[in-house]
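Student: Just work.pdb, nothing more (PDB, C-alpha atoms (C1' of nucleotides)):
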```
MODEL        1
ATOM      1  CA  MET A  10       0.000   0.000   0.000
ATOM      2  CA  THR A  11       1.334   3.409  -0.896
ATOM      3  CA  PRO A  12      -1.007   5.888   0.710
ATOM      4  CA  THR A  13       1.891   8.040   1.779
ATOM      5  CA  ARG A  14       2.056  10.781  -0.762
ATOM      6  CA  LEU A  15       5.028  12.568   0.656
ATOM      7  CA  MET A  16       6.197  16.041  -0.136
ATOM      8  CA  LEU A  17       9.389  17.675   0.989
ATOM      9  CA  ARG A  18       9.618  21.367   1.622
ATOM     10  CA  LEU A  19      12.729  23.251   2.634
ATOM     11  CA  TYR A  20      12.762  26.592   4.411
ATOM     12  CA  PHE A  21      15.755  28.885   4.290
ATOM     13  CA  GLY A  22      14.608  31.961   6.135
ATOM     14  CA  GLU A  23      12.423  33.839   3.716
ATOM     15  CA  LEU A  24      13.025  31.477   0.841
ATOM     16  CA  MET A  25      11.169  28.235   0.724
ATOM     17  CA  LEU A  26      11.690  25.448  -1.743
ATOM     18  CA  GLY A  27       9.050  22.801  -2.202
ATOM     19  CA  PRO A  28       7.428  20.549  -4.754
ATOM     20  CA  GLY A  29       5.758  23.473  -6.519
ATOM     21  CA  LYS A  30       8.935  25.362  -7.238
ATOM     22  CA  ALA A  31      10.829  22.195  -8.025
ATOM     23  CA  ASP A  32       8.226  21.073 -10.545
ATOM     24  CA  LEU A  33       8.211  24.537 -12.007
ATOM     25  CA  LEU A  34      11.953  24.438 -12.460
ATOM     26  CA  ALA A  35      11.654  21.068 -14.136
ATOM     27  CA  GLY A  36       8.878  22.375 -16.359
ATOM     28  CA  ILE A  37      10.921  25.372 -17.414
ATOM     29  CA  ALA A  38      13.854  23.130 -18.197
ATOM     30  CA  GLU A  39      11.652  20.989 -20.412
ATOM     31  CA  GLU A  40       9.448  23.616 -22.002
ATOM     32  CA  GLY A  41      11.949  26.418 -22.305
ATOM     33  CA  SER A  42       9.335  28.903 -21.198
ATOM     34  CA  ILE A  43       7.895  30.139 -17.953
ATOM     35  CA  SER A  44       4.404  30.540 -19.326
ATOM     36  CA  ALA A  45       4.380  27.118 -20.976
ATOM     37  CA  ALA A  46       5.601  25.476 -17.793
ATOM     38  CA  GLY A  47       2.988  27.252 -15.745
ATOM     39  CA  ARG A  48       0.279  26.432 -18.221
ATOM     40  CA  ARG A  49       1.198  22.790 -18.169
ATOM     41  CA  MET A  50       0.679  22.595 -14.440
ATOM     42  CA  GLY A  51      -2.467  24.693 -14.409
ATOM     43  CA  MET A  52      -0.803  27.747 -12.946
ATOM     44  CA  SER A  53      -1.264  31.332 -14.028
ATOM     45  CA  TYR A  54       1.731  32.966 -15.666
ATOM     46  CA  LYS A  55       1.836  35.578 -12.962
ATOM     47  CA  ARG A  56       2.073  32.996 -10.244
ATOM     48  CA  ALA A  57       4.745  31.083 -12.105
ATOM     49  CA  TRP A  58       6.705  34.240 -12.638
ATOM     50  CA  MET A  59       6.372  35.223  -8.990
ATOM     51  CA  LEU A  60       7.781  31.879  -7.952
ATOM     52  CA  VAL A  61      10.675  32.335 -10.334
ATOM     53  CA  GLU A  62      11.255  35.829  -9.009
ATOM     54  CA  ALA A  63      11.242  34.539  -5.439
ATOM     55  CA  MET A  64      13.778  31.875  -6.319
ATOM     56  CA  ASN A  65      16.018  34.220  -8.235
ATOM     57  CA  ALA A  66      15.912  36.680  -5.367
ATOM     58  CA  GLY A  67      16.350  34.059  -2.677
ATOM     59  CA  PHE A  68      19.436  32.455  -4.101
ATOM     60  CA  ALA A  69      22.772  34.140  -4.442
ATOM     61  CA  GLU A  70      22.573  33.719  -8.208
ATOM     62  CA  PRO A  71      19.504  33.380 -10.428
ATOM     63  CA  LEU A  72      18.182  29.899 -11.066
ATOM     64  CA  VAL A  73      16.265  30.903 -14.167
ATOM     65  CA  GLU A  74      17.537  32.922 -17.065
ATOM     66  CA  SER A  75      14.945  34.583 -19.219
ATOM     67  CA  ALA A  76      14.877  36.542 -22.449
ATOM     68  CA  ARG A  77      12.058  38.438 -24.017
ATOM     69  CA  GLY A  78      11.320  39.364 -27.572
ATOM     70  CA  GLY A  79      12.609  37.533 -30.580
ATOM     71  CA  ALA A  80      11.113  35.136 -33.061
ATOM     72  CA  LYS A  81       9.333  33.029 -30.505
ATOM     73  CA  GLY A  82       8.608  35.926 -28.218
ATOM     74  CA  GLY A  83      11.266  34.973 -25.739
ATOM     75  CA  GLY A  84      11.913  32.093 -23.424
ATOM     76  CA  ALA A  85      13.511  30.914 -20.246
ATOM     77  CA  ALA A  86      15.983  28.273 -19.206
ATOM     78  CA  LEU A  87      17.693  27.041 -16.086
ATOM     79  CA  THR A  88      21.108  28.406 -15.282
ATOM     80  CA  GLU A  89      23.918  26.178 -14.119
ATOM     81  CA  VAL A  90      22.930  26.975 -10.562
ATOM     82  CA  GLY A  91      19.309  26.228 -11.342
ATOM     83  CA  GLN A  92      20.141  22.797 -12.636
ATOM     84  CA  THR A  93      22.309  22.155  -9.614
ATOM     85  CA  VAL A  94      19.570  23.147  -7.180
ATOM     86  CA  LEU A  95      16.936  21.098  -8.965
ATOM     87  CA  ALA A  96      19.163  18.046  -9.095
ATOM     88  CA  ALA A  97      20.043  18.430  -5.424
ATOM     89  CA  TYR A  98      16.390  18.716  -4.481
ATOM     90  CA  ARG A  99      15.463  15.611  -6.438
ATOM     91  CA  ALA A 100      18.375  13.734  -4.924
ATOM     92  CA  LEU A 101      17.319  14.894  -1.493
ATOM     93  CA  GLU A 102      13.815  13.599  -2.087
ATOM     94  CA  ALA A 103      15.193  10.253  -3.172
ATOM     95  CA  LYS A 104      17.531   9.977  -0.206
ATOM     96  CA  LEU A 105      14.764  10.900   2.182
ATOM     97  CA  ARG A 106      12.575   8.154   0.826
ATOM     98  CA  GLU A 107      15.439   5.727   0.973
ATOM     99  CA  ALA A 108      16.965   6.564   4.337
ATOM    100  CA  GLY A 109      13.654   7.309   6.001
ATOM    101  CA  ALA A 110      11.709   4.413   4.555
ATOM    102  CA  ASP A 111      11.228   2.857   7.961
ATOM    103  CA  GLU A 112       9.935   6.000   9.624
ATOM    104  CA  LEU A 113       7.756   6.878   6.644
ATOM    105  CA  ALA A 114       6.256   3.424   6.726
ATOM    106  CA  THR A 115       5.686   3.723  10.452
ATOM    107  CA  ILE A 116       3.859   7.011  10.154
ATOM    108  CA  GLY A 117       2.102   6.091   6.933
ATOM    109  CA  ALA A 118       0.695   2.957   8.479
ATOM    110  CA  LEU A 119      -0.871   5.009  11.247
ATOM    111  CA  VAL A 120      -2.516   7.531   8.961
ATOM    112  CA  ARG A 121      -6.222   7.124   8.531
ATOM    113  CA  CYS A 122      -6.786   5.648   5.094
ATOM    114  CA  ASP A 123      -9.596   7.895   3.933
ATOM    115  CA  MET A 124     -10.134   6.578   0.470
ATOM    116  CA  SER A 125     -13.758   7.495   0.894
ATOM    117  CA  ASP A 126     -13.220  11.194   0.601
ATOM    118  CA  GLY A 127     -16.578  12.848   0.951
ATOM    119  CA  LYS A 128     -15.921  15.411  -1.736
TER     120      LYS A 128
ATOM    121  CA  MET B  27      28.355  27.854   8.685
ATOM    122  CA  THR B  28      24.824  26.724   9.416
ATOM    123  CA  PRO B  29      22.528  29.215   7.751
ATOM    124  CA  THR B  30      20.312  26.394   6.573
ATOM    125  CA  ARG B  31      17.470  26.258   8.995
ATOM    126  CA  LEU B  32      15.702  23.313   7.537
ATOM    127  CA  MET B  33      12.173  22.227   8.193
ATOM    128  CA  LEU B  34      10.524  19.058   7.097
ATOM    129  CA  ARG B  35       6.858  18.868   6.335
ATOM    130  CA  LEU B  36       4.962  15.743   5.392
ATOM    131  CA  TYR B  37       1.696  15.665   3.502
ATOM    132  CA  PHE B  38      -0.649  12.707   3.675
ATOM    133  CA  GLY B  39      -3.632  13.801   1.661
ATOM    134  CA  GLU B  40      -5.588  16.101   3.922
ATOM    135  CA  LEU B  41      -3.331  15.604   6.868
ATOM    136  CA  MET B  42      -0.064  17.430   7.051
ATOM    137  CA  LEU B  43       2.619  16.983   9.625
ATOM    138  CA  GLY B  44       5.280  19.625  10.054
ATOM    139  CA  PRO B  45       7.463  21.325  12.624
ATOM    140  CA  GLY B  46       4.504  23.113  14.191
ATOM    141  CA  LYS B  47       2.537  19.996  14.980
ATOM    142  CA  ALA B  48       5.651  18.084  15.988
ATOM    143  CA  ASP B  49       6.715  20.799  18.418
ATOM    144  CA  LEU B  50       3.198  20.921  19.760
ATOM    145  CA  LEU B  51       3.225  17.192  20.379
ATOM    146  CA  ALA B  52       6.540  17.530  22.170
ATOM    147  CA  GLY B  53       5.196  20.427  24.206
ATOM    148  CA  ILE B  54       2.126  18.463  25.239
ATOM    149  CA  ALA B  55       4.295  15.547  26.245
ATOM    150  CA  GLU B  56       6.405  17.827  28.430
ATOM    151  CA  GLU B  57       3.745  20.141  29.824
ATOM    152  CA  GLY B  58       0.914  17.674  30.114
ATOM    153  CA  SER B  59      -1.485  20.275  28.812
ATOM    154  CA  ILE B  60      -2.592  21.587  25.439
ATOM    155  CA  SER B  61      -2.990  25.138  26.642
ATOM    156  CA  ALA B  62       0.358  25.192  28.404
ATOM    157  CA  ALA B  63       2.094  23.806  25.349
ATOM    158  CA  GLY B  64       0.424  26.355  23.136
ATOM    159  CA  ARG B  65       1.192  29.175  25.502
ATOM    160  CA  ARG B  66       4.824  28.222  25.629
ATOM    161  CA  MET B  67       5.166  28.535  21.887
ATOM    162  CA  GLY B  68       3.106  31.695  21.611
ATOM    163  CA  MET B  69       0.086  29.998  20.126
ATOM    164  CA  SER B  70      -3.532  30.562  21.062
ATOM    165  CA  TYR B  71      -5.265  27.668  22.765
ATOM    166  CA  LYS B  72      -7.783  27.482  19.975
ATOM    167  CA  ARG B  73      -5.099  27.072  17.377
ATOM    168  CA  ALA B  74      -3.301  24.458  19.437
ATOM    169  CA  TRP B  75      -6.503  22.571  19.938
ATOM    170  CA  MET B  76      -7.358  22.732  16.263
ATOM    171  CA  LEU B  77      -3.987  21.250  15.407
ATOM    172  CA  VAL B  78      -4.569  18.471  17.907
ATOM    173  CA  GLU B  79      -8.016  17.865  16.491
ATOM    174  CA  ALA B  80      -6.608  17.699  12.961
ATOM    175  CA  MET B  81      -4.016  15.164  14.036
ATOM    176  CA  ASN B  82      -6.450  13.045  15.985
ATOM    177  CA  ALA B  83      -8.797  13.055  13.016
ATOM    178  CA  GLY B  84      -6.087  12.469  10.456
ATOM    179  CA  PHE B  85      -4.586   9.437  12.060
ATOM    180  CA  ALA B  86      -6.337   6.144  12.512
ATOM    181  CA  GLU B  87      -6.070   6.515  16.264
ATOM    182  CA  PRO B  88      -5.757   9.674  18.357
ATOM    183  CA  LEU B  89      -2.279  10.989  19.073
ATOM    184  CA  VAL B  90      -3.353  13.058  22.040
ATOM    185  CA  GLU B  91      -5.510  11.952  24.917
ATOM    186  CA  SER B  92      -7.187  14.689  26.888
ATOM    187  CA  ALA B  93      -9.282  14.945  30.018
ATOM    188  CA  ARG B  94     -11.197  17.854  31.375
ATOM    189  CA  GLY B  95     -12.271  18.773  34.838
ATOM    190  CA  GLY B  96     -10.562  17.544  37.937
ATOM    191  CA  ALA B  97      -8.206  19.079  40.418
ATOM    192  CA  LYS B  98      -5.969  20.772  37.900
ATOM    193  CA  GLY B  99      -8.778  21.432  35.482
ATOM    194  CA  GLY B 100      -7.758  18.684  33.162
ATOM    195  CA  GLY B 101      -4.797  17.834  31.031
ATOM    196  CA  ALA B 102      -3.533  16.099  27.966
ATOM    197  CA  ALA B 103      -0.913  13.534  27.141
ATOM    198  CA  LEU B 104       0.410  11.663  24.162
ATOM    199  CA  THR B 105      -0.973   8.268  23.461
ATOM    200  CA  GLU B 106       1.230   5.369  22.510
ATOM    201  CA  VAL B 107       0.588   6.198  18.892
ATOM    202  CA  GLY B 108       1.372   9.842  19.514
ATOM    203  CA  GLN B 109       4.738   9.005  20.995
ATOM    204  CA  THR B 110       5.454   6.694  18.100
ATOM    205  CA  VAL B 111       4.592   9.329  15.507
ATOM    206  CA  LEU B 112       6.606  12.018  17.240
ATOM    207  CA  ALA B 113       9.611   9.756  17.590
ATOM    208  CA  ALA B 114       9.359   8.712  13.957
ATOM    209  CA  TYR B 115       9.160  12.337  12.838
ATOM    210  CA  ARG B 116      12.202  13.308  14.884
ATOM    211  CA  ALA B 117      14.072  10.298  13.561
ATOM    212  CA  LEU B 118      13.074  11.215  10.043
ATOM    213  CA  GLU B 119      14.413  14.715  10.526
ATOM    214  CA  ALA B 120      17.678  13.339  11.822
ATOM    215  CA  LYS B 121      18.028  10.861   8.985
ATOM    216  CA  LEU B 122      17.254  13.533   6.444
ATOM    217  CA  ARG B 123      19.997  15.744   7.811
ATOM    218  CA  GLU B 124      22.378  12.844   7.880
ATOM    219  CA  ALA B 125      21.647  11.189   4.569
ATOM    220  CA  GLY B 126      21.043  14.435   2.736
ATOM    221  CA  ALA B 127      23.907  16.382   4.233
ATOM    222  CA  ASP B 128      25.618  16.714   0.872
ATOM    223  CA  GLU B 129      22.567  18.002  -0.946
ATOM    224  CA  LEU B 130      21.595  20.293   1.893
ATOM    225  CA  ALA B 131      25.073  21.740   1.905
ATOM    226  CA  THR B 132      24.941  22.181  -1.857
ATOM    227  CA  ILE B 133      21.674  24.055  -1.760
ATOM    228  CA  GLY B 134      22.486  25.914   1.426
ATOM    229  CA  ALA B 135      25.695  27.233  -0.032
ATOM    230  CA  LEU B 136      23.769  28.711  -2.935
ATOM    231  CA  VAL B 137      21.186  30.485  -0.836
ATOM    232  CA  ARG B 138      21.646  34.200  -0.522
ATOM    233  CA  CYS B 139      22.955  34.889   2.952
ATOM    234  CA  ASP B 140      20.705  37.758   3.898
ATOM    235  CA  MET B 141      21.888  38.478   7.391
ATOM    236  CA  SER B 142      21.047  42.096   6.719
ATOM    237  CA  ASP B 143      17.339  41.629   6.904
ATOM    238  CA  GLY B 144      15.726  44.986   6.413
ATOM    239  CA  LYS B 145      13.015  44.387   8.988
TER     240      LYS B 145
ATOM    241  C1'  DC C   6       6.766  48.691 -39.633
ATOM    242  C1'  DA C   7       3.217  45.693 -38.147
ATOM    243  C1'  DC C   8       2.782  41.196 -36.108
ATOM    244  C1'  DT C   9       3.580  37.813 -32.660
ATOM    245  C1'  DG C  10       4.328  35.269 -28.393
ATOM    246  C1'  DT C  11       6.628  35.712 -24.234
ATOM    247  C1'  DT C  12       8.529  38.227 -20.430
ATOM    248  C1'  DA C  13       7.526  41.707 -16.952
ATOM    249  C1'  DT C  14       4.473  44.416 -13.871
ATOM    250  C1'  DG C  15       0.469  46.760 -11.997
ATOM    251  C1'  DT C  16      -4.303  46.954  -9.971
ATOM    252  C1'  DC C  17      -8.505  45.100  -8.099
ATOM    253  C1'  DC C  18     -11.307  42.030  -5.627
ATOM    254  C1'  DG C  19     -12.943  37.707  -3.490
ATOM    255  C1'  DA C  20     -11.867  33.685  -0.780
ATOM    256  C1'  DC C  21      -9.603  31.506   2.692
ATOM    257  C1'  DG C  22      -7.234  31.198   7.028
ATOM    258  C1'  DA C  23      -5.888  32.956  11.214
ATOM    259  C1'  DA C  24      -6.557  35.799  15.267
ATOM    260  C1'  DA C  25      -9.696  37.874  18.745
ATOM    261  C1'  DC C  26     -13.307  37.456  21.504
ATOM    262  C1'  DA C  27     -16.905  34.875  23.823
ATOM    263  C1'  DT C  28     -18.806  30.933  26.225
ATOM    264  C1'  DA C  29     -19.942  26.379  27.710
ATOM    265  C1'  DT C  30     -18.499  22.122  30.040
ATOM    266  C1'  DC C  31     -16.289  19.211  33.080
ATOM    267  C1'  DG C  32     -14.731  17.218  37.682
ATOM    268  C1'  DA C  33     -11.607  16.934  41.843
ATOM    269  C1'  DG C  34     -11.165  19.391  46.062
ATOM    270  C1'  DC C  35     -12.090  22.718  49.497
TER     271       DC C  35
ATOM    272  C1'  DG D   5     -22.159  23.449  45.846
ATOM    273  C1'  DC D   6     -18.695  26.789  44.589
ATOM    274  C1'  DT D   7     -14.202  27.554  42.620
ATOM    275  C1'  DC D   8     -10.597  26.784  39.538
ATOM    276  C1'  DG D   9      -8.042  25.607  35.538
ATOM    277  C1'  DA D  10      -8.159  23.302  31.407
ATOM    278  C1'  DT D  11     -10.767  21.259  27.607
ATOM    279  C1'  DA D  12     -14.144  22.110  23.947
ATOM    280  C1'  DT D  13     -16.563  25.039  20.512
ATOM    281  C1'  DG D  14     -18.818  28.963  18.286
ATOM    282  C1'  DT D  15     -18.878  33.641  16.119
ATOM    283  C1'  DT D  16     -16.916  37.583  14.119
ATOM    284  C1'  DT D  17     -13.455  40.291  12.356
ATOM    285  C1'  DC D  18      -9.388  41.121   9.658
ATOM    286  C1'  DG D  19      -5.193  40.552   6.988
ATOM    287  C1'  DT D  20      -3.209  38.226   3.490
ATOM    288  C1'  DC D  21      -2.733  35.406  -0.482
ATOM    289  C1'  DG D  22      -3.978  34.179  -4.916
ATOM    290  C1'  DG D  23      -6.693  34.666  -9.279
ATOM    291  C1'  DA D  24      -8.597  37.614 -12.884
ATOM    292  C1'  DC D  25      -7.826  41.206 -15.668
ATOM    293  C1'  DA D  26      -5.095  44.746 -17.924
ATOM    294  C1'  DT D  27      -0.957  46.575 -20.082
ATOM    295  C1'  DA D  28       3.744  47.600 -21.301
ATOM    296  C1'  DA D  29       8.232  46.166 -23.175
ATOM    297  C1'  DC D  30      10.831  43.516 -26.163
ATOM    298  C1'  DA D  31      13.115  41.613 -30.483
ATOM    299  C1'  DG D  32      13.176  38.786 -34.458
ATOM    300  C1'  DT D  33      10.514  37.927 -38.866
ATOM    301  C1'  DG D  34       7.946  38.628 -42.828
TER     302       DG D  34
ENDMDL
END
```
Kindly return the structure encoded in the file as structure tokens.
Tutor:
Amino acid sequence: MTPTRLMLRLYFGELMLGPGKADLLAGIAEEGSISAAGRRMGMSYKRAWMLVEAMNAGFAEPLVESARGGAKGGGAALTEVGQTVLAAYRALEAKLREAGADELATIGALVRCDMSDGK
Amino acid sequence: MTPTRLMLRLYFGELMLGPGKADLLAGIAEEGSISAAGRRMGMSYKRAWMLVEAMNAGFAEPLVESARGGAKGGGAALTEVGQTVLAAYRALEAKLREAGADELATIGALVRCDMSDGK
DNA sequence: CACTGTTATGTCCGACGAAACATATCGAGC
DNA sequence: GCTCGATATGTTTCGTCGGACATAACAGTG
């Protein structure tokens, strides 16, 4: 049974890094565009851009590099640092699941299995 | 340098378990009272109680056992399950820091060190 | 130079969550 | 049976966050 949908969120003072930002980074890396990445995950462009802004401001160097204008209107891509942070986050997720498998199983087994969600 | 104040938050569907609830559980275990635990961490009783209610509802069995009335007005304590969950959460935190030390250091080193917080 | 798609940014408003305030209940002890 | 301290629960207010909408800037292409 895998009822334990686990999400990892890191707080560094003001900056916080969680599944949302991580997925957004991944989406930008794949799509090459902030708006496309946001669209794909049902997020308004403004929200996506605000997340990017928060990340770029929160880290010493920008994670996302963007350009506007041009043939395709512009685009965005991960910087070296951005790729590093994303990879580290994914690795951290994996290690957490691996190293904490016992504890996660312990807690997960005690969670009420509410498959019958009323709404 | 340890600028990386890390917090771990787990999501199990509706239920979420993070530093706030974990600290509250620990406080209840120490103080023997929901209100005292909440007071100690600058939290209104209502909020503390709502967190307890959410946990008791979210897990298959209650984590906190409470009694009202009596000489001291009542009190609360962790159940067996509550102690287990708290211990597992603390262990998970420790394992995350241990197993993910490399990644945490990688990300932490890239975070803007904003000691000069404007407010 | 108009067109195009994306980045970049502002304003406005509703919804949601949290805090503040207000009670009600309970039960051992005096 | 009155008091006390803590649990238990409701109501109301308020601040904040996010979504909807609007607009400007940009640069390559035809």
Student: Which residue is closest to DC35 (chain C)? Choose from B:Leu32, B:Ala97, B:Met67, B:Val78 and count only C-alpha atoms (C1' of nucleotides).
Tutor: B:Ala97
Student: So that I can see what lies close to DT14 (chain C), please list as a ChimeraX atom specification the residues with an atom at most 12 Å from it, counting only C-alpha atoms (C1' of nucleotides) and leaving out residues fewer than 3 positions away in the same chain.
Tutor: /A:54-55,58-59,62 /D:26-29
Student: Could you state the separation of CA of Val73 (chain A) and CA of Met25 (chain A) in Å, given to one decimal place?
Tutor: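 One can read the CA of Val73 (chain A) to CA of Met25 (chain A) distance as 16.0 Å.
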Student: Considering only C-alpha atoms, extract the chain B residues located within 10 Å of chain A and return them as a PyMOL selection string.
Tutor: chain B and resi 29-42+44+81-89+107-108+110-141+143
Student: I need the output of the PyMOL selection byres ((chain C and resi 6-9) around 12) for this file as a count of residues only; which residues are they?
Tutor: 13
Student: So which residues get picked by the PyMOL selection byres ((chain C and resi 27) around 10) here, written as number ranges by chain?
Tutor: C: 25-26, 28-29; D: 14-15
Student: Find the residue from A:Leu60, A:Leu87, A:Ala35, A:Leu26 that sits nearest to Glu74 (chain A); use only C-alpha atoms when measuring.
Tutor: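 Ranking A:Leu60, A:Leu87, A:Ala35, A:Leu26 by distance to Glu74 (chain A), first place goes to A:Leu87.
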Student: For the provided coordinates, the residues matched by the PyMOL selection byres ((chain C) within 7 of (chain B)) should be stated as a PyMOL selection string.
Tutor: chain C and resi 31-34
Student: Those residues with C-alpha atoms (C1' of nucleotides), as an mmCIF file, keeping the file's coordinate frame please?
Tutor:
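Saved the output as selection30.cif:
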```cif
data_model
loop_
_atom_site.group_PDB
_atom_site.id
_atom_site.type_symbol
_atom_site.label_atom_id
_atom_site.label_comp_id
_atom_site.auth_asym_id
_atom_site.auth_seq_id
_atom_site.Cartn_x
_atom_site.Cartn_y
_atom_site.Cartn_z
ATOM 1 C "C1'" DC C 31 -16.289 19.211 33.080
ATOM 2 C "C1'" DG C 32 -14.731 17.218 37.682
ATOM 3 C "C1'" DA C 33 -11.607 16.934 41.843
ATOM 4 C "C1'" DG C 34 -11.165 19.391 46.062
#
```
Student: Where atoms are absent from region 99-106 of chain B, fill them in so it carries all heavy atoms, then output it as a PDB file, keeping the file's coordinate frame.
Tutor:
```pdb
ATOM      1  N   GLY B  99      -7.979  20.966  36.609  1.00  0.00           N
ATOM      2  CA  GLY B  99      -8.778  21.432  35.482  1.00  0.00           C
ATOM      3  C   GLY B  99      -8.789  20.495  34.305  1.00  0.00           C
ATOM      4  O   GLY B  99      -9.650  20.579  33.448  1.00  0.00           O
ATOM      5  N   GLY B 100      -7.831  19.616  34.285  1.00  0.00           N
ATOM      6  CA  GLY B 100      -7.758  18.684  33.162  1.00  0.00           C
ATOM      7  C   GLY B 100      -6.324  18.504  32.717  1.00  0.00           C
ATOM      8  O   GLY B 100      -5.397  18.782  33.471  1.00  0.00           O
ATOM      9  N   GLY B 101      -6.150  18.059  31.509  1.00  0.00           N
ATOM     10  CA  GLY B 101      -4.797  17.834  31.031  1.00  0.00           C
ATOM     11  C   GLY B 101      -4.806  17.029  29.758  1.00  0.00           C
ATOM     12  O   GLY B 101      -5.860  16.607  29.277  1.00  0.00           O
ATOM     13  N   ALA B 102      -3.657  16.859  29.206  1.00  0.00           N
ATOM     14  CA  ALA B 102      -3.533  16.099  27.966  1.00  0.00           C
ATOM     15  C   ALA B 102      -2.187  15.399  27.945  1.00  0.00           C
ATOM     16  O   ALA B 102      -1.231  15.849  28.568  1.00  0.00           O
ATOM     17  CB  ALA B 102      -3.683  17.012  26.758  1.00  0.00           C
ATOM     18  N   ALA B 103      -2.152  14.293  27.239  1.00  0.00           N
ATOM     19  CA  ALA B 103      -0.913  13.534  27.141  1.00  0.00           C
ATOM     20  C   ALA B 103      -0.893  12.813  25.809  1.00  0.00           C
ATOM     21  O   ALA B 103      -1.932  12.638  25.173  1.00  0.00           O
ATOM     22  CB  ALA B 103      -0.818  12.537  28.298  1.00  0.00           C
ATOM     23  N   LEU B 104       0.296  12.405  25.408  1.00  0.00           N
ATOM     24  CA  LEU B 104       0.410  11.663  24.162  1.00  0.00           C
ATOM     25  C   LEU B 104       0.006  10.218  24.384  1.00  0.00           C
ATOM     26  O   LEU B 104       0.351   9.618  25.405  1.00  0.00           O
ATOM     27  CB  LEU B 104       1.854  11.707  23.643  1.00  0.00           C
ATOM     28  CG  LEU B 104       2.415  13.072  23.293  1.00  0.00           C
ATOM     29  CD1 LEU B 104       3.690  12.909  22.476  1.00  0.00           C
ATOM     30  CD2 LEU B 104       1.414  13.918  22.557  1.00  0.00           C
ATOM     31  N   THR B 105      -0.688   9.693  23.420  1.00  0.00           N
ATOM     32  CA  THR B 105      -0.973   8.268  23.461  1.00  0.00           C
ATOM     33  C   THR B 105       0.254   7.495  22.983  1.00  0.00           C
ATOM     34  O   THR B 105       1.253   8.091  22.576  1.00  0.00           O
ATOM     35  CB  THR B 105      -2.152   7.925  22.544  1.00  0.00           C
ATOM     36  OG1 THR B 105      -1.771   8.229  21.201  1.00  0.00           O
ATOM     37  CG2 THR B 105      -3.377   8.736  22.903  1.00  0.00           C
ATOM     38  N   GLU B 106       0.150   6.212  23.034  1.00  0.00           N
ATOM     39  CA  GLU B 106       1.230   5.369  22.510  1.00  0.00           C
ATOM     40  C   GLU B 106       1.527   5.741  21.058  1.00  0.00           C
ATOM     41  O   GLU B 106       2.671   5.950  20.664  1.00  0.00           O
ATOM     42  CB  GLU B 106       0.797   3.897  22.592  1.00  0.00           C
ATOM     43  CG  GLU B 106       1.948   2.921  22.493  1.00  0.00           C
ATOM     44  CD  GLU B 106       2.622   2.740  23.851  1.00  0.00           C
ATOM     45  OE1 GLU B 106       2.007   3.069  24.886  1.00  0.00           O
ATOM     46  OE2 GLU B 106       3.770   2.284  23.852  1.00  0.00           O
TER      47      GLU B 106
END
```
